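**Q** Contents of upload.cif (mmCIF, C-alpha atoms) are given next:
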```
data_input
#
loop_
_atom_site.label_atom_id
_atom_site.label_comp_id
_atom_site.auth_asym_id
_atom_site.auth_seq_id
_atom_site.Cartn_x
_atom_site.Cartn_y
_atom_site.Cartn_z
CA MET X 1 0.00 0.00 0.00
CA THR X 2 1.26 3.45 -0.81
CA THR X 3 0.87 6.67 1.08
CA ARG X 4 -1.51 9.15 -0.48
CA THR X 5 -1.39 12.82 0.40
CA THR X 6 -4.29 15.11 -0.42
CA THR X 7 -4.44 18.86 0.00
CA THR X 8 -7.77 20.59 0.47
CA THR X 9 -7.87 24.31 1.19
CA GLY X 10 -4.48 24.35 2.85
CA THR X 11 -5.00 21.19 5.01
CA THR X 12 -2.78 18.22 4.26
CA THR X 13 -4.01 14.72 5.16
CA THR X 14 -1.79 11.63 4.92
CA THR X 15 -3.42 8.22 4.72
CA GLY X 16 -2.13 4.77 3.94
CA THR X 17 0.66 2.78 5.48
CA THR X 18 0.91 4.74 8.73
CA ALA X 19 -2.74 4.17 9.63
CA THR X 20 -2.62 0.55 8.49
CA THR X 21 0.50 -0.13 10.54
CA ALA X 22 -1.07 1.41 13.64
CA VAL X 23 -4.20 -0.75 13.28
CA ALA X 24 -2.10 -3.86 12.68
CA ARG X 25 0.01 -3.11 15.75
CA ARG X 26 -3.05 -2.57 17.99
CA THR X 27 -4.78 -5.73 16.80
CA ALA X 28 -1.58 -7.76 17.21
CA VAL X 29 -1.25 -6.52 20.81
CA PHE X 30 -4.92 -7.34 21.45
CA LEU X 31 -4.46 -10.82 19.99
CA ARG X 32 -1.32 -11.49 22.05
CA THR X 33 -3.00 -10.18 25.20
CA SER X 34 -6.00 -12.43 24.65
CA VAL X 35 -3.73 -15.49 24.28
CA VAL X 36 -1.90 -14.51 27.49
CA LEU X 37 -5.25 -14.15 29.29
CA GLN X 38 -6.45 -17.50 27.99
CA THR X 39 -3.23 -19.23 29.06
CA LEU X 40 -3.41 -17.63 32.50
CA THR X 41 -7.02 -18.68 33.03
CA LEU X 42 -6.22 -22.24 31.96
CA PHE X 43 -3.37 -22.33 34.47
CA LEU X 44 -5.64 -21.00 37.22
CA GLN X 45 -8.18 -23.67 36.31
CA ALA X 46 -5.53 -26.33 36.83
CA VAL X 47 -4.69 -24.83 40.22
CA SER X 48 -8.35 -24.67 41.24
CA ALA X 49 -8.82 -28.29 40.07
CA GLY X 50 -5.98 -29.34 42.36
CA VAL X 51 -7.60 -27.48 45.24
CA LEU X 52 -10.94 -29.07 44.34
CA LEU X 53 -9.39 -32.55 44.65
CA SER X 54 -8.09 -31.75 48.13
CA SER X 55 -11.09 -29.83 49.48
CA ALA X 56 -14.81 -30.26 48.98
CA HIS X 57 -15.47 -26.54 49.48
CA SER X 58 -13.58 -25.21 46.44
CA GLY X 59 -16.06 -26.19 43.75
CA LEU X 60 -17.27 -22.61 43.41
CA LEU X 61 -13.75 -21.40 42.57
CA HIS X 62 -13.42 -23.94 39.75
CA ASP X 63 -16.96 -23.15 38.58
CA VAL X 64 -16.31 -19.41 38.32
CA GLY X 65 -12.93 -20.09 36.72
CA ALA X 66 -14.64 -22.17 34.03
CA ARG X 67 -16.81 -19.22 33.07
CA VAL X 68 -13.81 -16.88 32.97
CA MET X 69 -11.84 -19.37 30.87
CA TYR X 70 -14.74 -19.71 28.44
CA GLY X 71 -14.97 -15.93 28.18
CA ALA X 72 -11.22 -15.74 27.54
CA SER X 73 -11.61 -18.26 24.71
CA MET X 74 -14.36 -16.13 23.16
CA LEU X 75 -12.18 -13.03 23.53
CA TYR X 76 -9.34 -14.88 21.76
CA LEU X 77 -11.66 -15.64 18.84
CA LEU X 78 -12.77 -12.02 18.65
CA ALA X 79 -9.15 -10.81 18.73
CA ALA X 80 -8.19 -13.28 15.98
CA VAL X 81 -10.97 -12.02 13.72
CA LEU X 82 -10.02 -8.39 14.37
CA ALA X 83 -6.35 -9.11 13.71
CA TRP X 84 -7.27 -10.72 10.40
CA ARG X 85 -9.88 -8.45 8.90
CA PRO X 86 -9.14 -4.83 9.85
CA GLY X 87 -5.61 -5.63 11.01
CA GLY X 88 -4.49 -7.22 7.76
CA GLY X 89 -3.12 -10.35 9.40
CA SER X 90 -3.32 -14.03 8.60
CA PRO X 91 -6.60 -15.93 9.07
CA ARG X 92 -4.68 -18.82 10.71
CA PRO X 93 -5.26 -17.64 14.33
CA ILE X 94 -9.00 -17.76 13.69
CA GLY X 95 -8.70 -21.53 13.27
CA TYR X 96 -6.66 -21.80 16.46
CA ALA X 97 -9.15 -19.66 18.38
CA ALA X 98 -12.18 -21.53 17.00
CA GLY X 99 -10.51 -24.81 17.95
CA PHE X 100 -9.95 -23.52 21.48
CA LEU X 101 -13.58 -22.48 21.74
CA VAL X 102 -14.66 -25.98 20.68
CA LEU X 103 -12.29 -27.51 23.26
CA ALA X 104 -13.56 -25.09 25.92
CA SER X 105 -17.13 -26.10 25.11
CA ALA X 106 -16.21 -29.76 25.43
CA GLN X 107 -14.51 -28.98 28.77
CA VAL X 108 -17.66 -27.34 30.10
CA VAL X 109 -19.85 -30.26 29.00
CA LEU X 110 -17.45 -32.85 30.44
CA GLY X 111 -17.12 -30.93 33.69
CA ILE X 112 -20.87 -30.66 34.15
CA ALA X 113 -21.24 -34.36 33.31
CA HIS X 114 -18.52 -35.21 35.88
CA VAL X 115 -16.28 -37.14 33.47
CA PRO X 116 -12.85 -36.42 34.98
CA SER X 117 -11.16 -39.20 32.98
CA VAL X 118 -11.53 -37.02 29.86
CA HIS X 119 -11.99 -33.59 31.46
CA VAL X 120 -8.59 -33.51 33.19
CA PRO X 121 -6.43 -34.67 30.23
CA LEU X 122 -8.31 -32.30 27.92
CA GLY X 123 -7.56 -29.43 30.29
CA VAL X 124 -3.88 -30.35 30.27
CA LEU X 125 -3.92 -30.50 26.47
CA MET X 126 -5.60 -27.09 26.26
CA PHE X 127 -3.04 -25.54 28.58
CA GLY X 128 -0.17 -27.06 26.59
CA LEU X 129 -1.58 -25.85 23.27
CA SER X 130 -2.17 -22.37 24.65
CA VAL X 131 1.41 -22.18 25.94
CA LEU X 132 2.64 -23.42 22.55
CA ILE X 133 0.77 -20.67 20.70
CA LEU X 134 1.98 -18.12 23.22
CA THR X 135 5.65 -19.13 22.99
CA ARG X 136 5.70 -19.53 19.22
CA GLY X 137 4.75 -15.89 18.88
CA ASP X 138 2.87 -16.67 15.67
CA THR X 139 -0.16 -14.48 16.15
CA GLY X 140 -0.69 -14.16 12.42
CA ALA X 141 -0.82 -10.38 12.66
CA ALA X 142 0.42 -8.20 9.86
CA ARG X 143 4.08 -7.33 10.14
CA GLY X 144 4.79 -3.63 10.36
#
```
Could you spell out this file's structure in structure tokens?
**A**
Amino acid sequence: MTTRTTTTTGTTTTTGTTATTAVARRTAVFLRTSVVLQTLTLFLQAVSAGVLLSSAHSGLLHDVGARVMYGASMLYLLAAVLAWRPGGGSPRPIGYAAGFLVLASAQVVLGIAHVPSVHVPLGVLMFGLSVLILTRGDTGAARG
């Protein structure tokens, strides 16, 4: 994209790469922040699950954490879409985020159904995948 400068009655306006780069940078930061939040909530879910196994009174903590984790997964999907469309990035993170939302949905269903033999390993898998995406640094955002 090239920079276009227009002059109207003495006012000069520059549009193009500067604005695009700023949008791409903001959406990339939002995407990275959402992945950090998701990873953190998954870690806190693992901690609350450990507390739940040792105490009968910590079910509420894990319950609330599940809602926060699900919200973080939805935020990750929103950030991936925004990084792709207005941000000019790759659509690849949308697939990652949609996959996480599907896994989060399965986690909620398995948790409500009390199927720990699948619920716990799936939680570990989700945490590992989230850390992998976070450490790879491949957010798919446009490079400035």
**Q** What's around stretch 47-52 of chain X at 8 Å? Count all atoms listed in the file, leave out sequence neighbours fewer than 4 positions away in its own chain, and write the answer as a list of chain:residue names.
**A**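 My list of contacting residues is X:Phe43, X:Ala56, X:His57, X:Ser58, X:Gly59, X:Leu61, X:His62, X:Gly65.
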**Q** Name the residues that the PyMOL selection byres ((chain X and resi 80) around 7) pulls out of this structure, and write them as a PyMOL selection string.
**A** chain X and resi 31+76-79+81-84+93-94+97
**Q** Which is closest to X:Met126 among X:Leu42, X:Ala106, X:Leu60, X:Ala98, if we use all atoms listed in the file?
**A**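 Comparing X:Leu42, X:Ala106, X:Leu60, X:Ala98 against X:Met126, the winner is X:Leu42.
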**Q** Could you state which residues are captured by the PyMOL selection byres ((chain X and resi 73) around 7) in this file, as a list of chain:residue names?
**A**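 Against this file, the PyMOL selection byres ((chain X and resi 73) around 7) returns the residues X:Gln38, X:Met69, X:Tyr70, X:Gly71, X:Ala72, X:Met74, X:Leu75, X:Tyr76, X:Leu77, X:Ala97, X:Phe100, X:Leu101.
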**Q** Please produce, as CSV, a per-residue contact table for stretch 20-77 of chain X versus stretch 133-136 of chain X (criterion: any atom at most 9 Å away, all atoms listed in the file considered), showing the nearest atom pair and its distance in Å to one decimal, sorted by chain then residue number.
**A**
```
residue,atom,partner,partner_atom,distance
X:Arg32,CA,X:Leu134,CA,7.5
X:Val35,CA,X:Leu134,CA,6.4
X:Val36,CA,X:Leu134,CA,6.8
X:Thr39,CA,X:Leu134,CA,7.9
```
**Q** Rounded to one decimal place, report the atom CA of X:Ser55-atom CA of X:Leu122 distance in Å.
**A**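 It comes out at 21.9 Å.
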**Q** Interatomic distance between atom CA of X:Arg25 and atom CA of X:Gly95?
**A**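 Separation between atom CA of X:Arg25 and atom CA of X:Gly95: 20.5 Å.
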**Q** Please indicate the distance in Å from atom CA of X:His119 to atom CA of X:Phe30, rounded to one decimal place.
**A** 29.0 Å
**Q** Translate the PyMOL selection byres ((chain X and resi 107) around 9), as applied to the file shown, into an explicit residue set as a ChimeraX atom specification.
**A** /X:66,102-106,108-112,118-120,122-123
**Q** With all atoms listed in the file as the atoms that count, which of X:Leu53, X:Thr20, X:Val131, X:Ala113 lies nearest to X:Gly87?
**A**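 Residue with the minimum atom-to-atom distance to X:Gly87: X:Thr20.
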**Q** Between X:Pro116, X:Asp63, X:Gly99, X:Gly88, single out the one closest to X:Ala22, counting only C-alpha atoms.
**A** X:Gly88
**Q** Of the residues X:Pro86, X:Thr41, X:Ser54, X:Val68, which is the one nearest to X:Thr27, using all atoms listed in the file?
**A**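 Among the listed residues, X:Pro86 lies closest to X:Thr27.
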